[in-house]
>>> print(open('run22.cif').read())   # mmCIF, C-alpha atoms
data_entry
#
loop_
_atom_site.group_PDB
_atom_site.id
_atom_site.type_symbol
_atom_site.label_atom_id
_atom_site.label_comp_id
_atom_site.auth_asym_id
_atom_site.auth_seq_id
_atom_site.Cartn_x
_atom_site.Cartn_y
_atom_site.Cartn_z
ATOM 1 C CA MET A 1 -9.992 -4.114 30.657
ATOM 2 C CA LEU A 2 -12.710 -1.936 29.165
ATOM 3 C CA ARG A 3 -11.250 1.175 30.721
ATOM 4 C CA TYR A 4 -8.122 0.665 28.563
ATOM 5 C CA LEU A 5 -10.082 0.281 25.333
ATOM 6 C CA PRO A 6 -10.269 4.010 24.425
ATOM 7 C CA PHE A 7 -6.529 4.371 24.988
ATOM 8 C CA LEU A 8 -5.823 1.298 22.829
ATOM 9 C CA LEU A 9 -8.098 2.565 20.041
ATOM 10 C CA ILE A 10 -6.373 5.961 20.028
ATOM 11 C CA LEU A 11 -2.982 4.259 20.020
ATOM 12 C CA ALA A 12 -4.021 1.976 17.138
ATOM 13 C CA LEU A 13 -5.331 4.952 15.132
ATOM 14 C CA THR A 14 -2.117 6.882 15.737
ATOM 15 C CA ILE A 15 0.077 3.937 14.719
ATOM 16 C CA TYR A 16 -2.001 3.316 11.583
ATOM 17 C CA ALA A 17 -1.867 6.977 10.514
ATOM 18 C CA PHE A 18 1.869 7.170 11.274
ATOM 19 C CA ILE A 19 2.679 4.104 9.151
ATOM 20 C CA ASP A 20 0.325 5.260 6.392
ATOM 21 C CA CYS A 21 2.053 8.657 6.335
ATOM 22 C CA LEU A 22 5.515 7.091 6.184
ATOM 23 C CA ASN A 23 4.504 4.743 3.351
ATOM 24 C CA THR A 24 2.858 7.467 1.262
ATOM 25 C CA PRO A 25 5.058 8.798 -1.564
ATOM 26 C CA GLU A 26 5.974 12.471 -1.202
ATOM 27 C CA GLU A 27 4.094 13.461 -4.393
ATOM 28 C CA GLU A 28 0.815 12.136 -2.936
ATOM 29 C CA VAL A 29 1.028 14.165 0.281
ATOM 30 C CA LYS A 30 -1.212 17.238 0.282
ATOM 31 C CA SER A 31 -0.846 20.669 1.884
ATOM 32 C CA LEU A 32 2.227 20.118 4.098
ATOM 33 C CA PRO A 33 5.548 18.286 3.795
ATOM 34 C CA LYS A 34 5.569 14.684 5.003
ATOM 35 C CA GLY A 35 7.798 15.487 7.993
ATOM 36 C CA VAL A 36 5.302 18.057 9.267
ATOM 37 C CA TRP A 37 2.487 15.524 8.911
ATOM 38 C CA VAL A 38 4.474 13.004 10.953
ATOM 39 C CA LEU A 39 4.918 15.574 13.729
ATOM 40 C CA ILE A 40 1.223 16.479 13.659
ATOM 41 C CA ILE A 41 0.233 12.804 13.883
ATOM 42 C CA LEU A 42 2.573 12.135 16.792
ATOM 43 C CA LEU A 43 1.974 15.351 18.767
ATOM 44 C CA PHE A 44 -1.821 15.606 18.509
ATOM 45 C CA SER A 45 -3.028 12.164 19.520
ATOM 46 C CA ILE A 46 -6.620 12.133 18.244
ATOM 47 C CA VAL A 47 -6.827 15.156 15.959
ATOM 48 C CA GLY A 48 -3.552 14.542 14.096
ATOM 49 C CA PRO A 49 -4.328 11.037 12.788
ATOM 50 C CA VAL A 50 -7.908 11.973 11.887
ATOM 51 C CA VAL A 51 -6.790 15.064 9.973
ATOM 52 C CA TRP A 52 -4.143 12.990 8.145
ATOM 53 C CA LEU A 53 -6.703 10.367 7.142
ATOM 54 C CA LEU A 54 -9.216 12.957 5.967
ATOM 55 C CA ALA A 55 -7.027 15.598 4.341
ATOM 56 C CA GLY A 56 -3.400 14.496 4.353
ATOM 57 C CA LYS A 57 -3.032 12.642 1.088
ATOM 58 C CA LYS A 58 -4.602 12.310 -2.326
ATOM 59 C CA ARG A 59 -7.261 9.620 -2.430
ATOM 60 C CA THR A 60 -8.421 7.701 -5.490
ATOM 61 C CA PRO A 61 -12.120 7.573 -6.345
ATOM 62 C CA VAL A 62 -13.907 4.268 -5.833
ATOM 63 C CA GLY A 63 -14.300 3.703 -9.592
ATOM 64 C CA ASP A 64 -10.533 3.844 -10.223
ATOM 65 C CA GLY A 65 -9.777 0.528 -8.543
ATOM 66 C CA GLY A 66 -8.707 2.114 -5.284
ATOM 67 C CA GLY A 67 -10.665 -0.257 -3.068
ATOM 68 C CA PHE A 68 -12.948 1.687 -0.775
ATOM 69 C CA GLY A 69 -11.854 5.087 -2.047
ATOM 70 C CA MET A 70 -8.844 5.263 0.228
ATOM 71 C CA GLY A 71 -6.291 3.521 -1.947
ATOM 72 C CA GLY A 72 -3.960 6.492 -2.017
ATOM 73 C CA GLY A 73 -2.788 5.926 -5.568
ATOM 74 C CA ARG A 74 -2.138 2.222 -5.219
ATOM 75 C CA ALA A 75 -4.194 1.525 -8.345
ATOM 76 C CA ARG A 76 -1.572 3.295 -10.480
ATOM 77 C CA ARG A 77 1.158 0.915 -9.426
ATOM 78 C CA THR A 78 1.782 -2.319 -11.262
ATOM 79 C CA GLN A 79 -0.433 -4.962 -9.775
ATOM 80 C CA TRP A 80 0.942 -8.416 -9.005
ATOM 81 C CA VAL A 81 -0.357 -11.178 -11.266
ATOM 82 C CA ALA A 82 -0.309 -14.871 -10.433
ATOM 83 C CA PRO A 83 2.155 -16.829 -12.608
ATOM 84 C CA ASP A 84 -0.582 -18.910 -14.248
ATOM 85 C CA ASP A 85 -2.326 -15.682 -15.320
ATOM 86 C CA ASN A 86 0.830 -13.916 -16.502
ATOM 87 C CA PRO A 87 1.221 -14.203 -20.303
ATOM 88 C CA GLU A 88 4.943 -13.399 -20.182
ATOM 89 C CA PHE A 89 5.594 -16.190 -17.695
ATOM 90 C CA LEU A 90 3.577 -18.676 -19.748
ATOM 91 C CA ARG A 91 5.518 -17.688 -22.884
ATOM 92 C CA SER A 92 8.809 -18.238 -21.066
ATOM 93 C CA LEU A 93 7.635 -21.718 -20.015
ATOM 94 C CA ARG A 94 6.786 -22.601 -23.607
ATOM 95 C CA LYS A 95 10.144 -21.286 -24.773
ATOM 96 C CA ASP A 96 11.979 -23.320 -22.089
ATOM 97 C CA GLU A 97 9.977 -26.398 -23.079
ATOM 98 C CA ASP A 98 10.861 -25.920 -26.763
ATOM 99 C CA ASP A 99 14.535 -25.446 -25.834
ATOM 100 C CA ASP A 100 14.511 -28.660 -23.798
ATOM 101 C CA LYS A 101 12.957 -30.616 -26.688
ATOM 102 C CA GLY A 102 15.630 -29.309 -29.042
ATOM 103 C CA LYS A 103 18.395 -30.472 -26.698
ATOM 104 C CA ASP A 104 16.857 -33.946 -26.370
ATOM 105 C CA ASP A 105 16.599 -34.382 -30.146
ATOM 106 C CA ASN A 106 20.208 -33.301 -30.758
ATOM 107 C CA GLY A 107 21.782 -34.996 -27.753
#
>>> encode(input="run22.cif", output="structure tokens")
Amino acid sequence: MLRYLPFLLILALTIYAFIDCLNTPEEEVKSLPKGVWVLIILLFSIVGPVVWLLAGKKRTPVGDGGGFGMGGGRARRTQWVAPDDNPEFLRSLRKDEDDDKGKDDNG
């Protein structure tokens, strides 16, 4: 089993880099077009994924909410908020509650 471990680690790294490359928006890809990066990742088993992870896309600094510095611009996207923390959702509940009270009084 241990003799397969290096192969499995290389395969996991390649799959991770491939999916990361595909999910990265085109404007965040550096140096080469995304299609060329995909070919590099798939053709050069160890070097391709490592080069993609180190130099293939723009990374956010740690202080910008990008996690461990490898967020890849995710901090700029709208972050999901739980309904009980979302002011718009709470306002809509109050409005629905007021509407229901008005119907009960008139009906």
>>> atom_distance(input="run22.cif", atom1="atom CA of A:Asn86", atom2="atom CA of A:Thr60")
26.0 Å
>>> atom_distance(input="run22.cif", atom1="atom CA of A:Leu53", atom2="atom CA of A:Lys30")
11.2 Å
>>> residues_around(input="run22.cif", residues="A:Ser45", least_positions_apart="5", cutoff="12 Å", atoms="only C-alpha atoms", output="VMD selection string")
chain A and resid 6 to 18 38 to 40 50 to 52
>>> atom_distance(input="run22.cif", atom1="atom CA of A:Leu5", atom2="atom CA of A:Leu43")
20.4 Å
>>> closest_residue(input="run22.cif", among="A:Gln79, A:Cys21, A:Gly48, A:Lys57", to="A:Gly35", atoms="only C-alpha atoms")
A:Cys21
>>> closest_residue(input="run22.cif", among="A:Arg94, A:Gly56, A:Ile41, A:Val47", to="A:Pro25", atoms="only C-alpha atoms")
A:Gly56
>>> decode(input="run22.cif", residues="stretch 23-50 of chain A", atoms="N, CA, C and O atoms", output="CSV table (one decimal), in the first residue's frame")
chain,number,residue,atom,x,y,z
A,23,ASN,N,-12.1,26.4,-11.9
A,23,ASN,CA,-13.0,27.2,-11.1
A,23,ASN,C,-12.6,28.7,-11.0
A,23,ASN,O,-13.3,29.5,-10.5
A,24,THR,N,-11.3,29.0,-11.4
A,24,THR,CA,-10.8,30.3,-11.3
A,24,THR,C,-11.3,31.2,-12.4
A,24,THR,O,-11.2,30.8,-13.6
A,25,PRO,N,-11.9,32.3,-12.1
A,25,PRO,CA,-12.4,33.2,-13.2
A,25,PRO,C,-11.2,33.7,-14.1
A,25,PRO,O,-10.1,33.8,-13.6
A,26,GLU,N,-11.5,33.9,-15.4
A,26,GLU,CA,-10.4,34.2,-16.4
A,26,GLU,C,-9.6,35.4,-16.0
A,26,GLU,O,-8.4,35.5,-16.2
A,27,GLU,N,-10.3,36.4,-15.4
A,27,GLU,CA,-9.6,37.7,-15.0
A,27,GLU,C,-8.6,37.5,-13.8
A,27,GLU,O,-7.8,38.4,-13.6
A,28,GLU,N,-8.7,36.4,-13.1
A,28,GLU,CA,-7.7,36.1,-12.0
A,28,GLU,C,-6.6,35.2,-12.4
A,28,GLU,O,-5.7,35.0,-11.6
A,29,VAL,N,-6.6,34.7,-13.6
A,29,VAL,CA,-5.5,33.9,-14.1
A,29,VAL,C,-4.3,34.8,-14.6
A,29,VAL,O,-4.5,35.7,-15.3
A,30,LYS,N,-3.1,34.4,-14.2
A,30,LYS,CA,-2.0,35.2,-14.5
A,30,LYS,C,-1.2,34.6,-15.6
A,30,LYS,O,-1.2,33.4,-15.8
A,31,SER,N,-0.4,35.4,-16.4
A,31,SER,CA,0.6,35.0,-17.3
A,31,SER,C,0.1,34.3,-18.6
A,31,SER,O,0.4,34.8,-19.7
A,32,LEU,N,-0.7,33.3,-18.5
A,32,LEU,CA,-1.1,32.5,-19.6
A,32,LEU,C,-2.6,32.3,-19.6
A,32,LEU,O,-3.3,32.5,-18.6
A,33,PRO,N,-3.2,32.0,-20.8
A,33,PRO,CA,-4.7,31.8,-20.8
A,33,PRO,C,-5.0,30.5,-20.0
A,33,PRO,O,-4.2,29.6,-19.8
A,34,LYS,N,-6.2,30.4,-19.5
A,34,LYS,CA,-6.7,29.3,-18.7
A,34,LYS,C,-6.5,28.0,-19.4
A,34,LYS,O,-6.1,27.0,-18.8
A,35,GLY,N,-6.8,27.9,-20.7
A,35,GLY,CA,-6.6,26.7,-21.4
A,35,GLY,C,-5.2,26.1,-21.5
A,35,GLY,O,-5.0,24.9,-21.4
A,36,VAL,N,-4.3,27.1,-21.6
A,36,VAL,CA,-2.8,26.7,-21.5
A,36,VAL,C,-2.5,26.1,-20.2
A,36,VAL,O,-1.7,25.1,-20.0
A,37,TRP,N,-3.0,26.8,-19.1
A,37,TRP,CA,-2.7,26.3,-17.8
A,37,TRP,C,-3.3,24.9,-17.6
A,37,TRP,O,-2.6,24.0,-16.9
A,38,VAL,N,-4.5,24.6,-18.1
A,38,VAL,CA,-5.1,23.3,-18.0
A,38,VAL,C,-4.1,22.3,-18.6
A,38,VAL,O,-3.9,21.2,-18.1
A,39,LEU,N,-3.6,22.6,-19.8
A,39,LEU,CA,-2.7,21.6,-20.5
A,39,LEU,C,-1.4,21.4,-19.7
A,39,LEU,O,-1.0,20.3,-19.6
A,40,ILE,N,-0.9,22.5,-19.2
A,40,ILE,CA,0.3,22.4,-18.4
A,40,ILE,C,0.1,21.5,-17.2
A,40,ILE,O,0.9,20.6,-16.8
A,41,ILE,N,-1.0,21.7,-16.5
A,41,ILE,CA,-1.3,20.9,-15.3
A,41,ILE,C,-1.5,19.4,-15.7
A,41,ILE,O,-1.0,18.5,-14.9
A,42,LEU,N,-2.2,19.1,-16.8
A,42,LEU,CA,-2.4,17.7,-17.1
A,42,LEU,C,-1.2,17.1,-17.8
A,42,LEU,O,-1.0,15.9,-17.6
A,43,LEU,N,-0.4,17.8,-18.5
A,43,LEU,CA,0.8,17.2,-19.2
A,43,LEU,C,2.0,17.0,-18.3
A,43,LEU,O,2.7,16.0,-18.5
A,44,PHE,N,2.2,17.9,-17.4
A,44,PHE,CA,3.4,17.8,-16.5
A,44,PHE,C,3.0,17.5,-15.1
A,44,PHE,O,2.6,18.4,-14.3
A,45,SER,N,3.0,16.2,-14.8
A,45,SER,CA,2.3,15.7,-13.6
A,45,SER,C,2.7,16.4,-12.3
A,45,SER,O,1.8,16.7,-11.5
A,46,ILE,N,3.9,16.6,-12.0
A,46,ILE,CA,4.3,17.2,-10.7
A,46,ILE,C,4.5,18.7,-10.9
A,46,ILE,O,4.0,19.5,-10.1
A,47,VAL,N,5.3,19.1,-11.9
A,47,VAL,CA,5.7,20.5,-12.1
A,47,VAL,C,4.5,21.4,-12.4
A,47,VAL,O,4.3,22.5,-11.9
A,48,GLY,N,3.6,20.9,-13.3
A,48,GLY,CA,2.4,21.7,-13.7
A,48,GLY,C,1.5,22.1,-12.6
A,48,GLY,O,1.3,23.3,-12.4
A,49,PRO,N,1.0,21.2,-11.7
A,49,PRO,CA,0.2,21.6,-10.6
A,49,PRO,C,0.9,22.6,-9.6
A,49,PRO,O,0.3,23.5,-9.1
A,50,VAL,N,2.2,22.3,-9.4
A,50,VAL,CA,3.0,23.1,-8.4
A,50,VAL,C,3.1,24.6,-9.0
A,50,VAL,O,2.9,25.6,-8.3
